[in-house]
>>> print(open('coords-v9.txt').read())   # compact mmCIF, C-alpha atoms
# COMPACT_ATOMS: atom_id res chain seq x y z
CA MET A 1 63.28 30.90 39.71
CA LYS A 2 65.26 30.41 42.90
CA LYS A 3 67.51 27.66 41.53
CA MET A 4 68.53 29.77 38.55
CA GLU A 5 69.55 32.57 40.93
CA ASN A 6 71.58 30.15 43.05
CA ILE A 7 73.52 29.14 39.98
CA LEU A 8 74.06 32.60 38.55
CA ASP A 9 75.15 33.94 41.95
CA LYS A 10 78.15 31.59 41.83
CA VAL A 11 79.38 32.89 38.46
CA LYS A 12 81.86 35.75 38.44
CA PHE A 13 81.23 37.66 35.24
CA ASP A 14 84.04 39.85 33.92
CA GLU A 15 83.86 43.61 33.37
CA ASN A 16 81.93 42.96 30.13
CA GLY A 17 79.42 40.71 31.85
CA LEU A 18 80.90 37.56 30.31
CA VAL A 19 82.27 34.26 31.53
CA VAL A 20 84.45 31.89 29.53
CA SER A 21 83.00 28.44 28.94
CA ILE A 22 84.72 25.27 27.84
CA VAL A 23 82.64 22.80 25.91
CA GLN A 24 83.65 19.17 26.12
CA ASP A 25 82.15 16.14 24.47
CA ILE A 26 80.70 13.90 27.20
CA LYS A 27 83.22 11.27 26.04
CA GLY A 28 86.16 13.62 26.68
CA GLU A 29 87.13 15.58 23.55
CA ILE A 30 87.33 19.37 23.87
CA LEU A 31 85.03 20.90 21.27
CA MET A 32 85.27 24.66 21.65
CA VAL A 33 85.59 27.67 23.91
CA ALA A 34 83.05 30.49 23.91
CA TYR A 35 81.73 33.25 26.09
CA MET A 36 78.39 33.44 27.86
CA ASN A 37 76.54 36.31 29.45
CA ARG A 38 73.81 35.97 32.05
CA GLU A 39 71.12 35.52 29.40
CA ALA A 40 73.10 32.83 27.55
CA ILE A 41 73.39 30.81 30.77
CA GLU A 42 69.69 31.26 31.52
CA GLU A 43 68.70 30.10 28.03
CA THR A 44 71.10 27.16 28.19
CA LEU A 45 69.63 26.03 31.50
CA ARG A 46 66.07 26.61 30.32
CA THR A 47 66.38 24.76 27.01
CA GLY A 48 69.18 22.26 27.66
CA LYS A 49 70.92 23.49 24.51
CA MET A 50 74.11 25.55 24.53
CA HIS A 51 73.64 29.30 24.01
CA TYR A 52 76.48 31.82 23.81
CA TYR A 53 77.10 35.52 23.56
CA SER A 54 78.88 36.59 20.40
CA ARG A 55 81.37 39.35 21.17
CA SER A 56 81.74 40.24 17.48
CA ARG A 57 78.02 40.26 16.67
CA LYS A 58 77.09 41.50 20.14
CA LYS A 59 74.17 39.14 20.48
CA LEU A 60 72.93 35.92 21.99
CA TRP A 61 73.05 32.87 19.74
CA MET A 62 72.22 29.23 20.04
CA LYS A 63 74.80 26.75 18.81
CA GLY A 64 73.23 25.08 15.79
CA GLU A 65 70.63 27.77 15.18
CA LYS A 66 71.70 27.86 11.51
CA SER A 67 73.61 24.61 11.01
CA GLY A 68 71.37 22.39 13.12
CA ASN A 69 74.49 21.15 14.94
CA CYS A 70 73.16 21.70 18.43
CA GLN A 71 74.89 20.84 21.69
CA PHE A 72 72.79 19.10 24.32
CA VAL A 73 73.90 19.78 27.89
CA LYS A 74 74.72 16.74 30.02
CA GLU A 75 76.80 18.09 32.91
CA ILE A 76 77.86 21.53 34.18
CA TYR A 77 80.89 22.37 36.33
CA ILE A 78 82.27 25.62 37.72
CA ASP A 79 85.90 26.30 38.58
CA CYS A 80 87.39 27.26 41.94
CA ASP A 81 87.30 30.98 41.20
CA GLY A 82 83.83 30.93 39.63
CA ASP A 83 85.12 32.64 36.51
CA ALA A 84 85.05 29.66 34.14
CA LEU A 85 82.39 27.08 33.33
CA LEU A 86 82.72 23.61 31.87
CA PHE A 87 79.84 22.12 29.92
CA LYS A 88 79.84 18.45 28.98
CA VAL A 89 77.56 17.98 26.00
CA GLU A 90 76.35 15.70 23.27
CA GLN A 91 77.40 17.31 20.01
CA LYS A 92 75.26 16.85 16.92
CA LEU A 93 77.42 16.20 13.82
CA GLY A 94 80.26 18.66 14.49
CA ALA A 95 81.04 21.76 16.54
CA CYS A 96 83.30 23.63 14.13
CA HIS A 97 81.92 25.85 11.38
CA GLU A 98 84.80 24.64 9.22
CA GLY A 99 83.35 21.13 9.20
CA TYR A 100 85.32 19.43 11.98
CA TYR A 101 83.97 17.70 15.07
CA THR A 102 86.13 19.95 17.27
CA CYS A 103 87.37 23.50 16.74
CA PHE A 104 90.79 22.28 17.96
CA PHE A 105 91.66 20.39 14.79
CA ARG A 106 95.18 21.84 14.43
CA LYS A 107 98.02 20.41 16.48
CA LEU A 108 101.54 21.69 16.94
CA GLU A 109 103.98 19.31 15.24
CA ASN A 110 107.60 20.18 14.51
CA GLY A 111 107.01 23.86 15.09
CA GLU A 112 103.88 24.21 12.94
CA PHE A 113 100.17 23.80 13.44
CA LYS A 114 98.97 20.95 11.26
CA ILE A 115 95.45 19.68 10.63
CA VAL A 116 95.17 16.35 12.46
CA LYS A 117 91.42 15.71 12.24
CA GLU A 118 89.12 14.62 9.43
CA LYS A 119 86.14 16.72 8.39
CA VAL A 120 82.83 15.27 9.48
CA PHE A 121 80.70 17.49 7.26
CA GLU A 122 81.22 19.88 4.37
CA PRO A 123 80.37 23.44 5.38
CA LYS A 124 78.33 24.97 2.57
CA GLU A 125 78.54 28.45 3.96
CA VAL A 126 80.04 30.24 6.90
CA TYR A 127 77.70 29.55 9.73
CA LYS A 128 77.87 28.90 13.41
CA MET B 129 113.77 31.51 16.47
CA LYS B 130 111.79 30.99 13.29
CA LYS B 131 109.60 28.17 14.62
CA MET B 132 108.55 30.22 17.63
CA GLU B 133 107.49 33.04 15.30
CA ASN B 134 105.50 30.61 13.15
CA ILE B 135 103.58 29.52 16.19
CA LEU B 136 102.99 32.95 17.67
CA ASP B 137 101.86 34.32 14.30
CA LYS B 138 98.90 31.94 14.38
CA VAL B 139 97.66 33.16 17.76
CA LYS B 140 95.15 35.99 17.83
CA PHE B 141 95.73 37.86 21.06
CA ASP B 142 92.89 40.01 22.39
CA GLU B 143 93.03 43.75 23.02
CA ASN B 144 94.95 43.09 26.24
CA GLY B 145 97.51 40.91 24.48
CA LEU B 146 96.06 37.72 25.98
CA VAL B 147 94.74 34.41 24.70
CA VAL B 148 92.59 31.97 26.66
CA SER B 149 94.10 28.54 27.22
CA ILE B 150 92.43 25.33 28.28
CA VAL B 151 94.55 22.86 30.17
CA GLN B 152 93.59 19.22 29.92
CA ASP B 153 95.15 16.19 31.52
CA ILE B 154 96.63 14.02 28.78
CA LYS B 155 94.14 11.33 29.88
CA GLY B 156 91.17 13.64 29.29
CA GLU B 157 90.17 15.55 32.42
CA ILE B 158 89.92 19.34 32.17
CA LEU B 159 92.20 20.87 34.79
CA MET B 160 91.89 24.63 34.48
CA VAL B 161 91.52 27.66 32.25
CA ALA B 162 94.00 30.52 32.28
CA TYR B 163 95.30 33.33 30.14
CA MET B 164 98.64 33.60 28.37
CA ASN B 165 100.44 36.50 26.82
CA ARG B 166 103.19 36.24 24.22
CA GLU B 167 105.88 35.79 26.85
CA ALA B 168 103.94 33.04 28.66
CA ILE B 169 103.69 31.06 25.42
CA GLU B 170 107.37 31.58 24.68
CA GLU B 171 108.39 30.40 28.16
CA THR B 172 106.02 27.43 27.95
CA LEU B 173 107.51 26.35 24.62
CA ARG B 174 111.06 26.99 25.81
CA THR B 175 110.78 25.08 29.10
CA GLY B 176 108.03 22.53 28.42
CA LYS B 177 106.26 23.70 31.59
CA MET B 178 103.05 25.73 31.60
CA HIS B 179 103.44 29.47 32.17
CA TYR B 180 100.57 31.95 32.40
CA TYR B 181 99.89 35.62 32.71
CA SER B 182 98.10 36.61 35.88
CA ARG B 183 95.57 39.35 35.15
CA SER B 184 95.18 40.19 38.84
CA ARG B 185 98.89 40.25 39.67
CA LYS B 186 99.82 41.57 36.20
CA LYS B 187 102.77 39.25 35.83
CA LEU B 188 104.06 36.07 34.27
CA TRP B 189 103.98 33.00 36.48
CA MET B 190 104.86 29.36 36.14
CA LYS B 191 102.33 26.84 37.33
CA GLY B 192 103.91 25.14 40.32
CA GLU B 193 106.49 27.85 40.99
CA LYS B 194 105.42 27.89 44.65
CA SER B 195 103.57 24.61 45.11
CA GLY B 196 105.83 22.45 42.96
CA ASN B 197 102.72 21.20 41.13
CA CYS B 198 104.04 21.81 37.63
CA GLN B 199 102.33 20.96 34.37
CA PHE B 200 104.46 19.28 31.72
CA VAL B 201 103.32 19.98 28.16
CA LYS B 202 102.56 16.97 25.99
CA GLU B 203 100.44 18.33 23.10
CA ILE B 204 99.34 21.78 21.90
CA TYR B 205 96.29 22.59 19.76
CA ILE B 206 94.88 25.84 18.40
CA ASP B 207 91.24 26.47 17.56
CA CYS B 208 89.74 27.47 14.20
CA ASP B 209 89.78 31.18 14.99
CA GLY B 210 93.24 31.16 16.56
CA ASP B 211 91.92 32.81 19.70
CA ALA B 212 92.03 29.80 22.02
CA LEU B 213 94.72 27.24 22.81
CA LEU B 214 94.45 23.76 24.22
CA PHE B 215 97.36 22.27 26.14
CA LYS B 216 97.41 18.60 27.04
CA VAL B 217 99.68 18.11 30.03
CA GLU B 218 100.94 15.83 32.71
CA GLN B 219 99.89 17.36 36.00
CA LYS B 220 102.02 16.89 39.07
CA LEU B 221 99.87 16.16 42.17
CA GLY B 222 97.01 18.59 41.52
CA ALA B 223 96.15 21.71 39.53
CA CYS B 224 93.87 23.53 41.94
CA HIS B 225 95.23 25.72 44.73
CA GLU B 226 92.35 24.44 46.86
CA GLY B 227 93.86 20.95 46.84
CA TYR B 228 91.93 19.26 44.05
CA TYR B 229 93.31 17.60 40.94
CA THR B 230 91.12 19.85 38.77
CA CYS B 231 89.81 23.37 39.34
CA PHE B 232 86.42 22.11 38.10
CA PHE B 233 85.56 20.17 41.25
CA ARG B 234 82.04 21.56 41.65
CA LYS B 235 79.22 20.11 39.57
CA LEU B 236 75.67 21.35 39.13
CA GLU B 237 73.27 18.90 40.78
CA ASN B 238 69.62 19.71 41.53
CA GLY B 239 70.18 23.41 40.98
CA GLU B 240 73.29 23.76 43.15
CA PHE B 241 77.00 23.42 42.64
CA LYS B 242 78.26 20.56 44.79
CA ILE B 243 81.79 19.33 45.41
CA VAL B 244 82.13 16.04 43.53
CA LYS B 245 85.89 15.44 43.75
CA GLU B 246 88.19 14.36 46.53
CA LYS B 247 91.15 16.49 47.60
CA VAL B 248 94.51 15.11 46.49
CA PHE B 249 96.56 17.34 48.75
CA GLU B 250 96.00 19.66 51.67
CA PRO B 251 96.79 23.25 50.70
CA LYS B 252 98.77 24.78 53.54
CA GLU B 253 98.52 28.29 52.19
CA VAL B 254 96.99 30.08 49.25
CA TYR B 255 99.36 29.47 46.44
CA LYS B 256 99.20 28.86 42.74
>>> encode(input="coords-v9.txt", output="structure tokens")
Amino acid sequence: MKKMENILDKVKFDENGLVVSIVQDIKGEILMVAYMNREAIEETLRTGKMHYYSRSRKKLWMKGEKSGNCQFVKEIYIDCDGDALLFKVEQKLGACHEGYYTCFFRKLENGEFKIVKEKVFEPKEVYK
Amino acid sequence: MKKMENILDKVKFDENGLVVSIVQDIKGEILMVAYMNREAIEETLRTGKMHYYSRSRKKLWMKGEKSGNCQFVKEIYIDCDGDALLFKVEQKLGACHEGYYTCFFRKLENGEFKIVKEKVFEPKEVYK
């Protein structure tokens, strides 16, 4: 598909074939950061749901494939250097496997990171 | 300084001693993504101005050291895994060396990345 090639041609993948992606709630809150390879971008564009490449598990995964907490793509941006992507999404329930809406639930206060968000679901097991 | 150690102990640096950092305008707009090493975090905390590690130039740099377009730190968050940081800042003039307020000035529309932001300054030279 020509359009897919146009998009992927603009992305500068690193030496491991990955690009860093920021995921932001369409209303403005940062949800998470993850890495994508070529296939993850293709699947994200094809399905409209965020897919990533897990560096630890060395495989493609869809956000919510186990938890059901999918991310539906609304807007996509690329940075000036082409080596970072920004996805604005609608997040189902919560992005963090620890039960928070955002993975950035700890804030630096008086020299320590403190939990400043409420859990939105109770994680029953460790899943992504 | 004990507090500095508390903070740095929570950060999981990668095999190159780096951690990815998202920089967000305190009002909500994503400005850029960059990498920090231990020293960049220390200098950022010490001065209140964003410092990064340049992977291409292999050195520490302060945002705005040439352009004057500094970023003043307002809030700092860490993600669940400790391998990503989020800095909320006040951005002077614009973050992007191409003259835009944000580095994410190109948006995917009808299969192509199109410039969707206005320049806020005219870059006279290539600087960071």
>>> closest_residue(input="coords-v9.txt", among="B:Lys138, B:Leu159, B:Asp209, B:Lys194", to="Tyr228 of chain B", atoms="only C-alpha atoms")
B:Leu159
>>> calpha_fit_and_write(input="coords-v9.txt", fixed="chain B", moving="chain A", output="JSON list (two decimals) with C-alpha atoms, in the coordinates of the input")
[["chain", "number", "residue", "atom", "x", "y", "z"],
["A", 1, "MET", "CA", 113.79, 31.44, 16.49],
["A", 2, "LYS", "CA", 111.81, 30.97, 13.29],
["A", 3, "LYS", "CA", 109.61, 28.17, 14.63],
["A", 4, "MET", "CA", 108.55, 30.22, 17.63],
["A", 5, "GLU", "CA", 107.49, 33.03, 15.29],
["A", 6, "ASN", "CA", 105.50, 30.61, 13.14],
["A", 7, "ILE", "CA", 103.57, 29.53, 16.19],
["A", 8, "LEU", "CA", 102.98, 32.96, 17.67],
["A", 9, "ASP", "CA", 101.87, 34.33, 14.29],
["A", 10, "LYS", "CA", 98.91, 31.94, 14.38],
["A", 11, "VAL", "CA", 97.66, 33.17, 17.76],
["A", 12, "LYS", "CA", 95.13, 35.99, 17.82],
["A", 13, "PHE", "CA", 95.73, 37.87, 21.05],
["A", 14, "ASP", "CA", 92.89, 40.00, 22.40],
["A", 15, "GLU", "CA", 93.01, 43.75, 23.00],
["A", 16, "ASN", "CA", 94.95, 43.09, 26.23],
["A", 17, "GLY", "CA", 97.50, 40.90, 24.48],
["A", 18, "LEU", "CA", 96.06, 37.70, 25.98],
["A", 19, "VAL", "CA", 94.74, 34.40, 24.71],
["A", 20, "VAL", "CA", 92.60, 31.97, 26.68],
["A", 21, "SER", "CA", 94.10, 28.54, 27.22],
["A", 22, "ILE", "CA", 92.43, 25.33, 28.27],
["A", 23, "VAL", "CA", 94.55, 22.86, 30.17],
["A", 24, "GLN", "CA", 93.59, 19.22, 29.91],
["A", 25, "ASP", "CA", 95.14, 16.19, 31.52],
["A", 26, "ILE", "CA", 96.62, 14.01, 28.76],
["A", 27, "LYS", "CA", 94.15, 11.33, 29.88],
["A", 28, "GLY", "CA", 91.17, 13.64, 29.27],
["A", 29, "GLU", "CA", 90.17, 15.54, 32.43],
["A", 30, "ILE", "CA", 89.91, 19.33, 32.16],
["A", 31, "LEU", "CA", 92.19, 20.86, 34.78],
["A", 32, "MET", "CA", 91.89, 24.62, 34.46],
["A", 33, "VAL", "CA", 91.52, 27.66, 32.24],
["A", 34, "ALA", "CA", 94.02, 30.52, 32.28],
["A", 35, "TYR", "CA", 95.30, 33.33, 30.14],
["A", 36, "MET", "CA", 98.64, 33.59, 28.37],
["A", 37, "ASN", "CA", 100.44, 36.51, 26.82],
["A", 38, "ARG", "CA", 103.18, 36.25, 24.22],
["A", 39, "GLU", "CA", 105.87, 35.80, 26.86],
["A", 40, "ALA", "CA", 103.94, 33.06, 28.67],
["A", 41, "ILE", "CA", 103.68, 31.08, 25.43],
["A", 42, "GLU", "CA", 107.37, 31.59, 24.68],
["A", 43, "GLU", "CA", 108.38, 30.40, 28.16],
["A", 44, "THR", "CA", 106.02, 27.43, 27.96],
["A", 45, "LEU", "CA", 107.51, 26.37, 24.63],
["A", 46, "ARG", "CA", 111.06, 26.98, 25.82],
["A", 47, "THR", "CA", 110.78, 25.08, 29.10],
["A", 48, "GLY", "CA", 108.02, 22.55, 28.42],
["A", 49, "LYS", "CA", 106.26, 23.71, 31.59],
["A", 50, "MET", "CA", 103.04, 25.72, 31.59],
["A", 51, "HIS", "CA", 103.45, 29.47, 32.16],
["A", 52, "TYR", "CA", 100.57, 31.94, 32.40],
["A", 53, "TYR", "CA", 99.89, 35.63, 32.70],
["A", 54, "SER", "CA", 98.10, 36.63, 35.87],
["A", 55, "ARG", "CA", 95.57, 39.36, 35.14],
["A", 56, "SER", "CA", 95.18, 40.20, 38.84],
["A", 57, "ARG", "CA", 98.90, 40.26, 39.65],
["A", 58, "LYS", "CA", 99.81, 41.56, 36.20],
["A", 59, "LYS", "CA", 102.77, 39.25, 35.83],
["A", 60, "LEU", "CA", 104.06, 36.07, 34.27],
["A", 61, "TRP", "CA", 103.98, 32.99, 36.48],
["A", 62, "MET", "CA", 104.87, 29.37, 36.13],
["A", 63, "LYS", "CA", 102.33, 26.83, 37.33],
["A", 64, "GLY", "CA", 103.92, 25.15, 40.33],
["A", 65, "GLU", "CA", 106.48, 27.87, 40.97],
["A", 66, "LYS", "CA", 105.41, 27.89, 44.64],
["A", 67, "SER", "CA", 103.55, 24.60, 45.10],
["A", 68, "GLY", "CA", 105.82, 22.45, 42.96],
["A", 69, "ASN", "CA", 102.72, 21.19, 41.12],
["A", 70, "CYS", "CA", 104.04, 21.80, 37.64],
["A", 71, "GLN", "CA", 102.33, 20.96, 34.37],
["A", 72, "PHE", "CA", 104.45, 19.29, 31.71],
["A", 73, "VAL", "CA", 103.33, 20.00, 28.15],
["A", 74, "LYS", "CA", 102.56, 16.98, 25.98],
["A", 75, "GLU", "CA", 100.46, 18.34, 23.11],
["A", 76, "ILE", "CA", 99.35, 21.78, 21.89],
["A", 77, "TYR", "CA", 96.31, 22.60, 19.75],
["A", 78, "ILE", "CA", 94.88, 25.85, 18.40],
["A", 79, "ASP", "CA", 91.24, 26.48, 17.55],
["A", 80, "CYS", "CA", 89.73, 27.47, 14.20],
["A", 81, "ASP", "CA", 89.77, 31.18, 14.99],
["A", 82, "GLY", "CA", 93.24, 31.16, 16.56],
["A", 83, "ASP", "CA", 91.92, 32.81, 19.71],
["A", 84, "ALA", "CA", 92.04, 29.80, 22.04],
["A", 85, "LEU", "CA", 94.73, 27.25, 22.81],
["A", 86, "LEU", "CA", 94.46, 23.75, 24.22],
["A", 87, "PHE", "CA", 97.36, 22.28, 26.15],
["A", 88, "LYS", "CA", 97.42, 18.60, 27.04],
["A", 89, "VAL", "CA", 99.70, 18.12, 30.02],
["A", 90, "GLU", "CA", 100.95, 15.82, 32.72],
["A", 91, "GLN", "CA", 99.87, 17.37, 36.00],
["A", 92, "LYS", "CA", 102.02, 16.90, 39.08],
["A", 93, "LEU", "CA", 99.87, 16.18, 42.17],
["A", 94, "GLY", "CA", 96.99, 18.60, 41.53],
["A", 95, "ALA", "CA", 96.16, 21.72, 39.53],
["A", 96, "CYS", "CA", 93.87, 23.52, 41.96],
["A", 97, "HIS", "CA", 95.22, 25.72, 44.74],
["A", 98, "GLU", "CA", 92.36, 24.44, 46.88],
["A", 99, "GLY", "CA", 93.86, 20.95, 46.86],
["A", 100, "TYR", "CA", 91.92, 19.26, 44.05],
["A", 101, "TYR", "CA", 93.30, 17.59, 40.94],
["A", 102, "THR", "CA", 91.10, 19.84, 38.77],
["A", 103, "CYS", "CA", 89.81, 23.36, 39.35],
["A", 104, "PHE", "CA", 86.41, 22.11, 38.11],
["A", 105, "PHE", "CA", 85.57, 20.16, 41.25],
["A", 106, "ARG", "CA", 82.02, 21.55, 41.63],
["A", 107, "LYS", "CA", 79.21, 20.11, 39.56],
["A", 108, "LEU", "CA", 75.67, 21.34, 39.12],
["A", 109, "GLU", "CA", 73.26, 18.90, 40.78],
["A", 110, "ASN", "CA", 69.63, 19.70, 41.53],
["A", 111, "GLY", "CA", 70.16, 23.40, 41.00],
["A", 112, "GLU", "CA", 73.29, 23.77, 43.15],
["A", 113, "PHE", "CA", 77.00, 23.42, 42.65],
["A", 114, "LYS", "CA", 78.25, 20.56, 44.79],
["A", 115, "ILE", "CA", 81.79, 19.34, 45.40],
["A", 116, "VAL", "CA", 82.12, 16.04, 43.53],
["A", 117, "LYS", "CA", 85.88, 15.45, 43.74],
["A", 118, "GLU", "CA", 88.19, 14.36, 46.54],
["A", 119, "LYS", "CA", 91.14, 16.49, 47.61],
["A", 120, "VAL", "CA", 94.47, 15.10, 46.50],
["A", 121, "PHE", "CA", 96.57, 17.33, 48.75],
["A", 122, "GLU", "CA", 96.01, 19.67, 51.67],
["A", 123, "PRO", "CA", 96.81, 23.25, 50.71],
["A", 124, "LYS", "CA", 98.82, 24.78, 53.54],
["A", 125, "GLU", "CA", 98.56, 28.27, 52.20],
["A", 126, "VAL", "CA", 97.03, 30.08, 49.28],
["A", 127, "TYR", "CA", 99.38, 29.46, 46.44],
["A", 128, "LYS", "CA", 99.22, 28.86, 42.76]]
>>> closest_atom_pairs(input="coords-v9.txt", of="chain B", to="chain A", cutoff="6 Å", atoms="only C-alpha atoms", output="Markdown table")
| residue | atom | partner | partner_atom | distance |
| --- | --- | --- | --- | --- |
| B:Lys131 | CA | A:Gly111 | CA | 5.1 |
| B:Gly156 | CA | A:Gly28 | CA | 5.6 |
| B:Ile204 | CA | A:Leu108 | CA | 5.4 |
| B:Tyr205 | CA | A:Lys107 | CA | 4.3 |
| B:Ile206 | CA | A:Phe104 | CA | 5.4 |
| B:Asp207 | CA | A:Phe104 | CA | 4.2 |
| B:Cys208 | CA | A:Cys103 | CA | 5.3 |
| B:Cys231 | CA | A:Asp79 | CA | 4.9 |
| B:Phe232 | CA | A:Asp79 | CA | 4.2 |
| B:Arg234 | CA | A:Tyr77 | CA | 5.5 |
| B:Lys235 | CA | A:Tyr77 | CA | 4.3 |
| B:Leu236 | CA | A:Ile76 | CA | 5.4 |
| B:Gly239 | CA | A:Lys3 | CA | 5.0 |
>>> atom_distance(input="coords-v9.txt", atom1="atom CA of Leu93 of chain A", atom2="atom CA of Asn69 of chain A")
5.9 Å
>>> residues_around(input="coords-v9.txt", residues="Val147 of chain B", least_positions_apart="3", cutoff="8 Å", atoms="all atoms listed in the file", output="MDAnalysis selection string")
chainID B and resid 139:142 163:165 211:213
>>> residues_around(input="coords-v9.txt", residues="Arg166 of chain B", least_positions_apart="2", cutoff="8 Å", atoms="all atoms listed in the file", output="count of residues only")
7
>>> atom_distance(input="coords-v9.txt", atom1="atom CA of Val89 of chain A", atom2="atom CA of Trp61 of chain A")
16.8 Å
>>> atom_distance(input="coords-v9.txt", atom1="atom CA of Glu90 of chain A", atom2="atom CA of Phe121 of chain A")
16.7 Å
>>> build_atoms(input="coords-v9.txt", residues="segment 41-57 of chain A", atoms="N, CA, C and O atoms", output="mmCIF file, in the frame of the given file")
data_model
loop_
_atom_site.group_PDB
_atom_site.id
_atom_site.type_symbol
_atom_site.label_atom_id
_atom_site.label_comp_id
_atom_site.auth_asym_id
_atom_site.auth_seq_id
_atom_site.Cartn_x
_atom_site.Cartn_y
_atom_site.Cartn_z
ATOM 1 N N ILE A 41 73.461 31.880 29.769
ATOM 2 C CA ILE A 41 73.390 30.810 30.770
ATOM 3 C C ILE A 41 71.933 30.463 31.067
ATOM 4 O O ILE A 41 71.550 29.297 31.124
ATOM 5 N N GLU A 42 71.117 31.487 31.233
ATOM 6 C CA GLU A 42 69.690 31.260 31.520
ATOM 7 C C GLU A 42 69.034 30.440 30.409
ATOM 8 O O GLU A 42 68.313 29.482 30.679
ATOM 9 N N GLU A 43 69.318 30.816 29.158
ATOM 10 C CA GLU A 43 68.700 30.100 28.030
ATOM 11 C C GLU A 43 69.223 28.679 27.913
ATOM 12 O O GLU A 43 68.489 27.765 27.539
ATOM 13 N N THR A 44 70.498 28.504 28.213
ATOM 14 C CA THR A 44 71.100 27.160 28.190
ATOM 15 C C THR A 44 70.440 26.267 29.237
ATOM 16 O O THR A 44 70.076 25.116 28.953
ATOM 17 N N LEU A 45 70.254 26.805 30.431
ATOM 18 C CA LEU A 45 69.630 26.030 31.500
ATOM 19 C C LEU A 45 68.154 25.762 31.200
ATOM 20 O O LEU A 45 67.634 24.683 31.466
ATOM 21 N N ARG A 46 67.504 26.733 30.607
ATOM 22 C CA ARG A 46 66.070 26.610 30.320
ATOM 23 C C ARG A 46 65.792 25.589 29.228
ATOM 24 O O ARG A 46 64.856 24.792 29.326
ATOM 25 N N THR A 47 66.659 25.596 28.188
ATOM 26 C CA THR A 47 66.380 24.760 27.010
ATOM 27 C C THR A 47 67.196 23.465 26.973
ATOM 28 O O THR A 47 66.848 22.551 26.232
ATOM 29 N N GLY A 48 68.304 23.432 27.733
ATOM 30 C CA GLY A 48 69.180 22.260 27.660
ATOM 31 C C GLY A 48 70.070 22.255 26.425
ATOM 32 O O GLY A 48 70.772 21.278 26.169
ATOM 33 N N LYS A 49 70.042 23.346 25.681
ATOM 34 C CA LYS A 49 70.920 23.490 24.510
ATOM 35 C C LYS A 49 71.856 24.677 24.726
ATOM 36 O O LYS A 49 71.426 25.728 25.215
ATOM 37 N N MET A 50 73.102 24.517 24.294
ATOM 38 C CA MET A 50 74.110 25.550 24.530
ATOM 39 C C MET A 50 73.773 26.849 23.790
ATOM 40 O O MET A 50 73.527 26.848 22.588
ATOM 41 N N HIS A 51 73.796 27.947 24.549
ATOM 42 C CA HIS A 51 73.640 29.300 24.010
ATOM 43 C C HIS A 51 74.892 30.098 24.407
ATOM 44 O O HIS A 51 75.443 29.889 25.493
ATOM 45 N N TYR A 52 75.278 31.015 23.555
ATOM 46 C CA TYR A 52 76.480 31.820 23.810
ATOM 47 C C TYR A 52 76.191 33.291 23.537
ATOM 48 O O TYR A 52 75.170 33.644 22.956
ATOM 49 N N TYR A 53 77.168 34.112 23.936
ATOM 50 C CA TYR A 53 77.100 35.520 23.560
ATOM 51 C C TYR A 53 78.226 35.784 22.573
ATOM 52 O O TYR A 53 79.395 35.514 22.858
ATOM 53 N N SER A 54 77.869 36.264 21.410
ATOM 54 C CA SER A 54 78.880 36.590 20.400
ATOM 55 C C SER A 54 79.432 37.981 20.651
ATOM 56 O O SER A 54 78.686 38.970 20.607
ATOM 57 N N ARG A 55 80.740 38.050 20.921
ATOM 58 C CA ARG A 55 81.370 39.350 21.170
ATOM 59 C C ARG A 55 81.474 40.168 19.890
ATOM 60 O O ARG A 55 81.411 41.387 19.919
ATOM 61 N N SER A 56 81.615 39.496 18.753
ATOM 62 C CA SER A 56 81.740 40.240 17.480
ATOM 63 C C SER A 56 80.361 40.730 17.017
ATOM 64 O O SER A 56 80.217 41.869 16.589
ATOM 65 N N ARG A 57 79.359 39.876 17.128
ATOM 66 C CA ARG A 57 78.020 40.260 16.670
ATOM 67 C C ARG A 57 77.191 40.923 17.769
ATOM 68 O O ARG A 57 76.087 41.402 17.539
#
